[in-house]
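Undergrad: Structure file input25.cif (mmCIF, C-alpha atoms) is given on the next line.
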data_data
#
loop_
_atom_site.label_atom_id
_atom_site.label_comp_id
_atom_site.auth_asym_id
_atom_site.auth_seq_id
_atom_site.Cartn_x
_atom_site.Cartn_y
_atom_site.Cartn_z
CA MET A 875 -3.47 6.36 -13.91
CA GLU A 876 -2.08 6.16 -17.43
CA ILE A 877 -1.99 2.58 -18.75
CA LYS A 878 -0.51 1.73 -22.13
CA LYS A 879 -1.75 -1.41 -23.88
CA GLU A 880 -0.13 -3.35 -26.66
CA TYR A 881 -1.42 -6.62 -28.11
CA LYS A 882 0.78 -9.26 -29.72
CA ASN A 883 -1.78 -11.78 -30.94
CA ASP A 884 -3.48 -12.95 -27.73
CA GLU A 885 -0.74 -11.64 -25.44
CA LEU A 886 -1.41 -8.23 -23.92
CA ILE A 887 1.40 -6.08 -22.55
CA MET A 888 -0.07 -3.57 -20.14
CA SER A 889 2.21 -0.78 -18.91
CA PRO A 890 0.85 1.23 -15.98
CA ILE A 891 2.65 4.51 -15.32
CA GLY A 892 3.06 6.03 -11.84
CA ARG A 893 1.89 4.90 -8.44
CA LEU A 894 -0.12 1.78 -7.74
CA ASP A 895 -1.85 2.84 -4.54
CA THR A 896 -5.30 3.07 -2.96
CA ILE A 897 -6.36 5.85 -5.30
CA THR A 898 -5.01 4.46 -8.59
CA SER A 899 -5.19 0.67 -8.24
CA ASP A 900 -8.85 0.53 -9.34
CA ASP A 901 -7.74 1.95 -12.70
CA LEU A 902 -5.44 -1.01 -13.28
CA ASN A 903 -8.04 -3.45 -11.99
CA ASN A 904 -10.70 -2.08 -14.33
CA ALA A 905 -8.29 -2.12 -17.29
CA ILE A 906 -7.47 -5.79 -16.68
CA ILE A 907 -11.14 -6.75 -16.25
CA GLU A 908 -11.97 -4.90 -19.45
CA GLU A 909 -9.40 -6.86 -21.45
CA LYS A 910 -9.26 -10.27 -19.85
CA ASP A 911 -11.73 -11.92 -22.22
CA ASN A 912 -9.56 -10.83 -25.15
CA LEU A 913 -6.25 -12.25 -23.96
CA ASN A 914 -4.58 -15.52 -23.15
CA SER A 915 -1.51 -14.07 -21.51
CA LEU A 916 -1.13 -10.80 -19.62
CA ILE A 917 2.26 -9.13 -19.19
CA LEU A 918 2.35 -6.26 -16.70
CA ASN A 919 5.31 -4.05 -17.52
CA PHE A 920 6.25 -2.30 -14.27
CA GLN A 921 9.00 -0.15 -15.77
CA GLY A 922 6.97 2.99 -15.07
CA VAL A 923 5.67 1.95 -11.63
CA ASP A 924 7.60 3.57 -8.78
CA TYR A 925 5.41 2.79 -5.76
CA ILE A 926 3.05 0.04 -4.68
CA SER A 927 0.90 -0.36 -1.57
CA SER A 928 -1.32 -3.17 -0.32
CA ALA A 929 -4.11 -1.90 -2.60
CA GLY A 930 -1.91 -2.52 -5.64
CA LEU A 931 -0.88 -5.95 -4.40
CA ARG A 932 -4.53 -6.90 -3.92
CA VAL A 933 -5.21 -6.05 -7.58
CA LEU A 934 -2.30 -8.25 -8.67
CA ILE A 935 -3.24 -11.24 -6.54
CA SER A 936 -6.97 -11.13 -7.27
CA ASN A 937 -6.41 -10.88 -11.02
CA MET A 938 -3.77 -13.58 -10.95
CA LYS A 939 -6.30 -15.85 -9.26
CA SER A 940 -9.08 -15.09 -11.72
CA LEU A 941 -6.80 -15.46 -14.76
CA LYS A 942 -5.43 -18.74 -13.43
CA ASN A 943 -8.98 -20.03 -13.07
CA GLU A 944 -9.37 -19.43 -16.80
CA ASP A 945 -6.01 -21.09 -17.60
CA LYS A 946 -4.50 -17.74 -18.47
CA SER A 947 -1.19 -16.36 -17.24
CA LEU A 948 -0.06 -13.14 -15.61
CA THR A 949 3.61 -12.16 -15.65
CA ILE A 950 5.17 -9.02 -14.18
CA ILE A 951 8.31 -7.65 -15.80
CA ASN A 952 10.77 -4.79 -15.15
CA VAL A 953 10.16 -4.59 -11.41
CA ASN A 954 12.38 -2.06 -9.63
CA ASP A 955 14.23 -2.87 -6.38
CA THR A 956 11.85 -0.93 -4.12
CA ILE A 957 8.82 -2.79 -5.40
CA LEU A 958 10.65 -6.11 -5.44
CA GLU A 959 11.37 -5.60 -1.75
CA ILE A 960 7.64 -5.11 -1.10
CA PHE A 961 6.93 -8.32 -3.04
CA LYS A 962 9.51 -10.15 -0.92
CA MET A 963 8.19 -8.72 2.35
CA SER A 964 4.70 -9.98 1.58
CA GLY A 965 5.90 -13.29 0.12
CA PHE A 966 4.41 -12.35 -3.24
CA ASP A 967 7.76 -12.91 -4.94
CA LYS A 968 7.08 -16.65 -4.47
CA ILE A 969 3.52 -16.45 -5.78
CA LEU A 970 3.59 -13.95 -8.60
CA LYS A 971 5.41 -14.75 -11.81
CA ILE A 972 8.12 -12.09 -11.95
CA GLU A 973 10.67 -11.88 -14.74
CA MET B 66 5.17 18.78 17.00
CA ASN B 67 3.08 19.55 13.92
CA SER B 68 -0.59 18.70 13.56
CA LEU B 69 -2.95 18.02 10.68
CA LYS B 70 -6.66 17.44 10.72
CA PHE B 71 -8.47 16.07 7.70
CA LYS B 72 -11.86 14.60 6.90
CA ALA B 73 -11.65 10.83 6.74
CA GLU B 74 -11.78 10.71 2.95
CA ILE B 75 -9.42 8.77 0.67
CA GLU B 76 -8.93 11.77 -1.64
CA ASN B 77 -6.95 13.50 1.13
CA LEU B 78 -4.19 10.87 1.05
CA TYR B 79 -1.80 12.67 -1.33
CA GLU B 80 -2.08 16.01 0.46
CA ILE B 81 -1.40 14.39 3.82
CA ASN B 82 1.61 12.53 2.45
CA ASN B 83 2.98 15.64 0.75
CA ILE B 84 2.71 17.74 3.90
CA ILE B 85 4.26 15.16 6.21
CA LEU B 86 7.04 14.07 3.87
CA SER B 87 8.01 17.70 3.20
CA GLN B 88 9.62 17.55 6.67
CA LEU B 89 12.32 15.42 5.13
CA ASN B 90 14.77 16.63 2.54
CA THR B 91 15.65 13.15 1.45
CA ASN B 92 14.04 10.67 -0.88
CA ASN B 93 15.72 7.50 0.30
CA LYS B 94 14.21 4.09 0.96
CA ASN B 95 13.11 5.01 4.48
CA THR B 96 11.12 7.91 3.10
CA LYS B 97 9.31 5.50 0.78
CA ASP B 98 8.66 3.24 3.75
CA LEU B 99 7.22 6.17 5.69
CA GLU B 100 4.97 7.01 2.73
CA LEU B 101 3.70 3.44 2.71
CA ILE B 102 3.13 3.46 6.49
CA ILE B 103 1.08 6.65 6.23
CA GLU B 104 -1.03 5.32 3.35
CA GLU B 105 -1.78 1.99 5.01
CA ILE B 106 -2.78 3.52 8.36
CA PHE B 107 -4.80 6.37 6.84
CA VAL B 108 -6.66 4.09 4.44
CA ASN B 109 -7.36 1.54 7.15
CA ILE B 110 -8.97 4.24 9.31
CA VAL B 111 -10.98 5.70 6.40
CA LYS B 112 -12.28 2.33 5.22
CA TYR B 113 -13.06 0.57 8.48
CA SER B 114 -13.35 2.95 11.43
CA ASN B 115 -16.37 5.13 10.50
CA ALA B 116 -14.39 8.10 11.83
CA ASP B 117 -15.39 11.60 10.69
CA CYS B 118 -11.95 13.11 10.95
CA ILE B 119 -8.38 12.01 11.36
CA LYS B 120 -5.84 14.05 13.27
CA ILE B 121 -2.15 13.40 12.70
CA ASN B 122 0.59 14.70 14.96
CA TYR B 123 4.08 14.38 13.54
CA SER B 124 7.63 15.46 14.20
CA TYR B 125 11.11 14.69 12.96
CA ASN B 126 14.17 14.87 15.14
CA ALA B 127 17.19 15.32 12.88
CA LYS B 128 19.61 14.52 15.71
CA THR B 129 18.11 11.12 16.42
CA SER B 130 16.80 10.60 12.86
CA ILE B 131 13.49 9.49 14.34
CA PHE B 132 10.20 10.39 12.71
CA ASN B 133 7.24 10.20 15.10
CA LEU B 134 3.63 9.94 13.99
CA GLU B 135 0.43 9.82 16.00
CA PHE B 136 -2.85 9.01 14.25
CA ILE B 137 -5.98 9.96 16.21
CA ASP B 138 -9.49 9.07 15.08
CA ASN B 139 -12.92 9.01 16.69
CA GLY B 140 -14.02 5.81 14.96
CA ILE B 141 -14.70 2.41 16.43
CA MET B 142 -12.10 1.10 18.84
CA PHE B 143 -9.48 -0.85 16.94
CA ASN B 144 -6.07 -1.93 18.19
CA PRO B 145 -4.02 -3.08 15.20
CA LEU B 146 -1.46 -4.65 17.52
CA GLU B 147 -4.08 -7.23 18.49
CA HIS B 148 -4.95 -7.92 14.86
CA GLU B 149 -3.89 -11.35 13.68
CA ASP B 150 -0.80 -11.04 11.53
CA TYR B 151 -0.94 -11.69 7.83
CA SER B 152 0.73 -15.01 7.17
CA LYS B 153 2.76 -15.55 4.03
CA LYS B 154 1.68 -18.43 1.85
CA GLU B 155 3.66 -20.38 -0.67
CA ASP B 156 0.85 -20.87 -3.14
CA LEU B 157 -1.61 -18.62 -4.91
CA ASP B 158 -4.84 -20.34 -3.87
CA SER B 159 -4.28 -19.98 -0.13
CA THR B 160 -2.90 -16.43 -0.30
CA PRO B 161 -5.39 -14.07 1.36
CA VAL B 162 -6.34 -10.87 -0.42
CA GLY B 163 -6.82 -8.88 2.82
CA GLY B 164 -4.69 -8.07 5.85
CA LEU B 165 -1.69 -6.76 3.96
CA GLY B 166 -2.07 -3.10 4.93
CA ILE B 167 -1.72 -3.73 8.67
CA PHE B 168 1.10 -6.18 8.00
CA PHE B 169 3.01 -3.53 6.04
CA PHE B 170 2.83 -0.72 8.55
CA LYS B 171 3.67 -3.08 11.41
CA SER B 172 6.63 -4.51 9.50
CA LEU B 173 8.01 -1.17 8.34
CA SER B 174 7.71 0.74 11.63
CA ASP B 175 10.50 0.71 14.20
CA SER B 176 8.08 1.01 17.11
CA ILE B 177 4.30 1.02 17.48
CA SER B 178 2.01 1.57 20.41
CA TYR B 179 -1.73 2.00 20.75
CA GLU B 180 -4.03 3.63 23.25
CA TYR B 181 -7.79 4.19 23.40
CA LYS B 182 -8.70 7.29 25.39
CA ASN B 183 -11.43 9.93 25.33
CA ASN B 184 -13.34 7.77 22.83
CA GLU B 185 -10.47 8.02 20.35
CA ASN B 186 -7.96 5.63 18.86
CA HIS B 187 -4.37 6.81 19.27
CA LEU B 188 -1.78 4.99 17.20
CA PHE B 189 1.86 5.97 17.75
CA ILE B 190 4.52 5.09 15.19
CA SER B 191 8.26 5.72 15.12
CA LYS B 192 10.41 5.29 12.06
CA ILE B 193 14.15 5.77 11.89
CA ILE B 194 15.07 7.74 8.77
CA LYS B 195 18.65 6.83 7.97
#
Would you mind writing the file's structure down as structure tokens?

TA:
Amino acid sequence: MEIKKEYKNDELIMSPIGRLDTITSDDLNNAIIEEKDNLNSLILNFQGVDYISSAGLRVLISNMKSLKNEDKSLTIINVNDTILEIFKMSGFDKILKIE
Amino acid sequence: MNSLKFKAEIENLYEINNIILSQLNTNNKNTKDLELIIEEIFVNIVKYSNADCIKINYSYNAKTSIFNLEFIDNGIMFNPLEHEDYSKKEDLDSTPVGGLGIFFFKSLSDSISYEYKNNENHLFISKIIK
């Protein structure tokens, strides 16, 4: 999956493009793991994400946990209605920081 | 009724979804739900059942707007209806990482039934496509 990265000091805006499913979610996971020592705050820009499955949600929740353990934050922005509904169905809208 | 038979390999997911969803000439929310149902069931079988192959029977009745799916695999016996439901948590620490896939396809389907016969799992799903 294509993932754009843009640093503003120690804040990283990561913009995945496409589907976040069983086949692609490892790409996002690996990209976050690769960068997490370099950042203090991670913004996931979901403007280009049009589909998410449980595999994608697992990547979000596991990375949110590991970043929180290091006193770092993860925020998701520009979530479309379809994906927001999946977040609500799973209760992740209460757990993830969504703006 | 149409039938597909694929090796139980994750790489086949997109082809399966493309073939099944081509039955529908709509791209509404229910189609997205159907796509998610197919992914979650297929992946669950591939990852946990040790099945060699997965057969999928499917049909769409335009009059009733009902899409029927039957997943058949020769893996270990597993009835997802007896699987403990994923429970939503209000805080990050107690939120489980697993169990979401089964929760999704159970939540998004309009009816589900399961049968184990001839050493095969048979999972039947119906989804109303509005």

Undergrad: Would you mind listing what lies within 8 Å of Lys120 (chain B) as a list in words, with all atoms listed in the file counted and same-chain residues fewer than 4 positions away left out?

TA: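 Near Lys120 (chain B), the qualifying residues are Ser68, Leu69, Lys70, Phe71, Phe136, Ile137 and Asp138 of chain B.
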
Undergrad: Wanna dump the chain B-chain A contacts at 8 Å for me, each residue with its shortest atom pair and the distance in Å to one decimal, counting only C-alpha atoms, ordered by chain and number, as JSON lines?

TA:
{"residue": "B:Ile75", "atom": "CA", "partner": "A:Ile897", "partner_atom": "CA", "distance": 7.3}
{"residue": "B:Glu76", "atom": "CA", "partner": "A:Ile897", "partner_atom": "CA", "distance": 7.4}
{"residue": "B:Lys94", "atom": "CA", "partner": "A:Thr956", "partner_atom": "CA", "distance": 7.5}
{"residue": "B:Leu101", "atom": "CA", "partner": "A:Ser927", "partner_atom": "CA", "distance": 6.4}
{"residue": "B:Glu104", "atom": "CA", "partner": "A:Ser927", "partner_atom": "CA", "distance": 7.8}
{"residue": "B:Glu105", "atom": "CA", "partner": "A:Ser928", "partner_atom": "CA", "distance": 7.4}
{"residue": "B:Val108", "atom": "CA", "partner": "A:Thr896", "partner_atom": "CA", "distance": 7.6}
{"residue": "B:Lys153", "atom": "CA", "partner": "A:Gly965", "partner_atom": "CA", "distance": 5.5}
{"residue": "B:Lys154", "atom": "CA", "partner": "A:Gly965", "partner_atom": "CA", "distance": 6.9}
{"residue": "B:Glu155", "atom": "CA", "partner": "A:Lys968", "partner_atom": "CA", "distance": 6.3}
{"residue": "B:Asp156", "atom": "CA", "partner": "A:Ile969", "partner_atom": "CA", "distance": 5.8}
{"residue": "B:Leu157", "atom": "CA", "partner": "A:Ile969", "partner_atom": "CA", "distance": 5.6}
{"residue": "B:Asp158", "atom": "CA", "partner": "A:Lys939", "partner_atom": "CA", "distance": 7.2}
{"residue": "B:Val162", "atom": "CA", "partner": "A:Arg932", "partner_atom": "CA", "distance": 5.6}
{"residue": "B:Gly163", "atom": "CA", "partner": "A:Arg932", "partner_atom": "CA", "distance": 7.4}
{"residue": "B:Leu165", "atom": "CA", "partner": "A:Ser928", "partner_atom": "CA", "distance": 5.6}
{"residue": "B:Gly166", "atom": "CA", "partner": "A:Ser928", "partner_atom": "CA", "distance": 5.3}
{"residue": "B:Phe169", "atom": "CA", "partner": "A:Ser928", "partner_atom": "CA", "distance": 7.7}

Undergrad: Give as a short mmCIF file (atom, residue, chain, number, x, y, z; two decimals) with C-alpha atoms, keeping the file's coordinate frame the set of residues within 12 Å of the point (0.7, -11.8, -25.0), where distances use the file's coordinates and all atoms listed in the file.

TA:
data_model
loop_
_atom_site.label_atom_id
_atom_site.label_comp_id
_atom_site.auth_asym_id
_atom_site.auth_seq_id
_atom_site.Cartn_x
_atom_site.Cartn_y
_atom_site.Cartn_z
CA LYS A 879 -1.75 -1.41 -23.88
CA GLU A 880 -0.13 -3.35 -26.66
CA TYR A 881 -1.42 -6.62 -28.11
CA LYS A 882 0.78 -9.26 -29.72
CA ASN A 883 -1.78 -11.78 -30.94
CA ASP A 884 -3.48 -12.95 -27.73
CA GLU A 885 -0.74 -11.64 -25.44
CA LEU A 886 -1.41 -8.23 -23.92
CA ILE A 887 1.40 -6.08 -22.55
CA MET A 888 -0.07 -3.57 -20.14
CA GLU A 909 -9.40 -6.86 -21.45
CA LYS A 910 -9.26 -10.27 -19.85
CA ASN A 912 -9.56 -10.83 -25.15
CA LEU A 913 -6.25 -12.25 -23.96
CA ASN A 914 -4.58 -15.52 -23.15
CA SER A 915 -1.51 -14.07 -21.51
CA LEU A 916 -1.13 -10.80 -19.62
CA ILE A 917 2.26 -9.13 -19.19
CA LEU A 918 2.35 -6.26 -16.70
CA ASN A 919 5.31 -4.05 -17.52
CA LYS A 946 -4.50 -17.74 -18.47
CA SER A 947 -1.19 -16.36 -17.24
CA LEU A 948 -0.06 -13.14 -15.61
CA THR A 949 3.61 -12.16 -15.65
#

Undergrad: Figure out the distance between CA of Phe132 (chain B) and CA of Leu89 (chain B), please, to one decimal in Å.

TA: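 Separating CA of Leu89 (chain B) from CA of Phe132 (chain B) is a distance of 9.3 Å.
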
Undergrad: In Å, with one decimal, what is the gap from CA of Ile121 (chain B) to CA of Asn82 (chain B)?

TA: 11.0 Å

Undergrad: Run the PyMOL selection byres ((chain B and resi 184) around 9) on the file and write out the hits as a ChimeraX atom specification.

TA: /B:138-142,181-183,185-186

Undergrad: So which residues touch Phe168 (chain B) within 9 Å, counting all atoms listed in the file, skipping near sequence neighbours fewer than 6 positions away, as JSON, numbers by chain?

TA: {"A": [964], "B": [150, 151, 152]}

Undergrad: In Å, how far is it from CA of Ile177 (chain B) to CA of Asn126 (chain B)?

TA: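 Computing the Euclidean distance for CA of Ile177 (chain B) and CA of Asn126 (chain B) yields 17.2 Å.
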
Undergrad: Between B:Ser191, B:Asn90, B:Ser124, B:Thr129, which has the minimum distance to Leu173 (chain B) (counting only C-alpha atoms)?

TA: B:Ser191

Undergrad: From the set B:Leu146, B:Ile81, B:Ile102, B:Ile194, which residue has the shortest atom-to-atom contact distance to Ile119 (chain B), counting only C-alpha atoms?

TA: B:Ile81

Undergrad: For the PyMOL selection byres ((chain A and resi 875) around 9), applied here, can you spell out every residue it catches as a VMD selection string?

TA: chain A and resid 876 to 877 890 to 894 898 to 899 901 to 902

Undergrad: My structure is short of atoms at region 122-141 of chain B; please model N, CA and C atoms there, returning them as a compact mmCIF listing (two decimals), in the frame of the given file.

TA:
# COMPACT_ATOMS: atom_id res chain seq x y z
N ASN B 122 -0.51 13.94 14.38
CA ASN B 122 0.59 14.70 14.96
C ASN B 122 1.89 14.09 14.45
N TYR B 123 2.84 14.94 14.09
CA TYR B 123 4.08 14.38 13.54
C TYR B 123 5.26 15.29 13.85
N SER B 124 6.41 14.68 13.98
CA SER B 124 7.63 15.46 14.20
C SER B 124 8.83 14.65 13.75
N TYR B 125 9.86 15.36 13.36
CA TYR B 125 11.11 14.69 12.96
C TYR B 125 12.25 15.30 13.75
N ASN B 126 13.01 14.43 14.39
CA ASN B 126 14.17 14.87 15.14
C ASN B 126 15.42 14.54 14.32
N ALA B 127 16.04 15.55 13.76
CA ALA B 127 17.19 15.32 12.88
C ALA B 127 18.39 14.74 13.63
N LYS B 128 18.48 15.05 14.92
CA LYS B 128 19.61 14.52 15.71
C LYS B 128 19.50 13.01 15.92
N THR B 129 18.29 12.56 16.19
CA THR B 129 18.11 11.12 16.42
C THR B 129 17.66 10.39 15.15
N SER B 130 17.32 11.15 14.12
CA SER B 130 16.80 10.60 12.86
C SER B 130 15.49 9.84 13.04
N ILE B 131 14.76 10.20 14.07
CA ILE B 131 13.49 9.49 14.34
C ILE B 131 12.30 10.35 13.92
N PHE B 132 11.44 9.74 13.13
CA PHE B 132 10.20 10.39 12.71
C PHE B 132 9.08 9.80 13.56
N ASN B 133 8.36 10.66 14.27
CA ASN B 133 7.24 10.20 15.10
C ASN B 133 5.91 10.61 14.49
N LEU B 134 4.98 9.69 14.51
CA LEU B 134 3.63 9.94 13.99
C LEU B 134 2.61 9.49 15.02
N GLU B 135 1.56 10.26 15.18
CA GLU B 135 0.43 9.82 16.00
C GLU B 135 -0.85 10.02 15.19
N PHE B 136 -1.56 8.94 14.95
CA PHE B 136 -2.85 9.01 14.25
C PHE B 136 -3.97 8.94 15.29
N ILE B 137 -4.87 9.91 15.25
CA ILE B 137 -5.98 9.96 16.21
C ILE B 137 -7.29 9.97 15.41
N ASP B 138 -8.18 9.06 15.76
CA ASP B 138 -9.49 9.07 15.08
C ASP B 138 -10.58 8.74 16.09
N ASN B 139 -11.79 9.21 15.78
CA ASN B 139 -12.92 9.01 16.69
C ASN B 139 -13.82 7.88 16.20
N GLY B 140 -13.24 6.95 15.47
CA GLY B 140 -14.02 5.81 14.96
C GLY B 140 -14.11 4.69 15.98
N ILE B 141 -14.56 3.54 15.51
CA ILE B 141 -14.70 2.41 16.43
C ILE B 141 -13.34 1.99 16.97
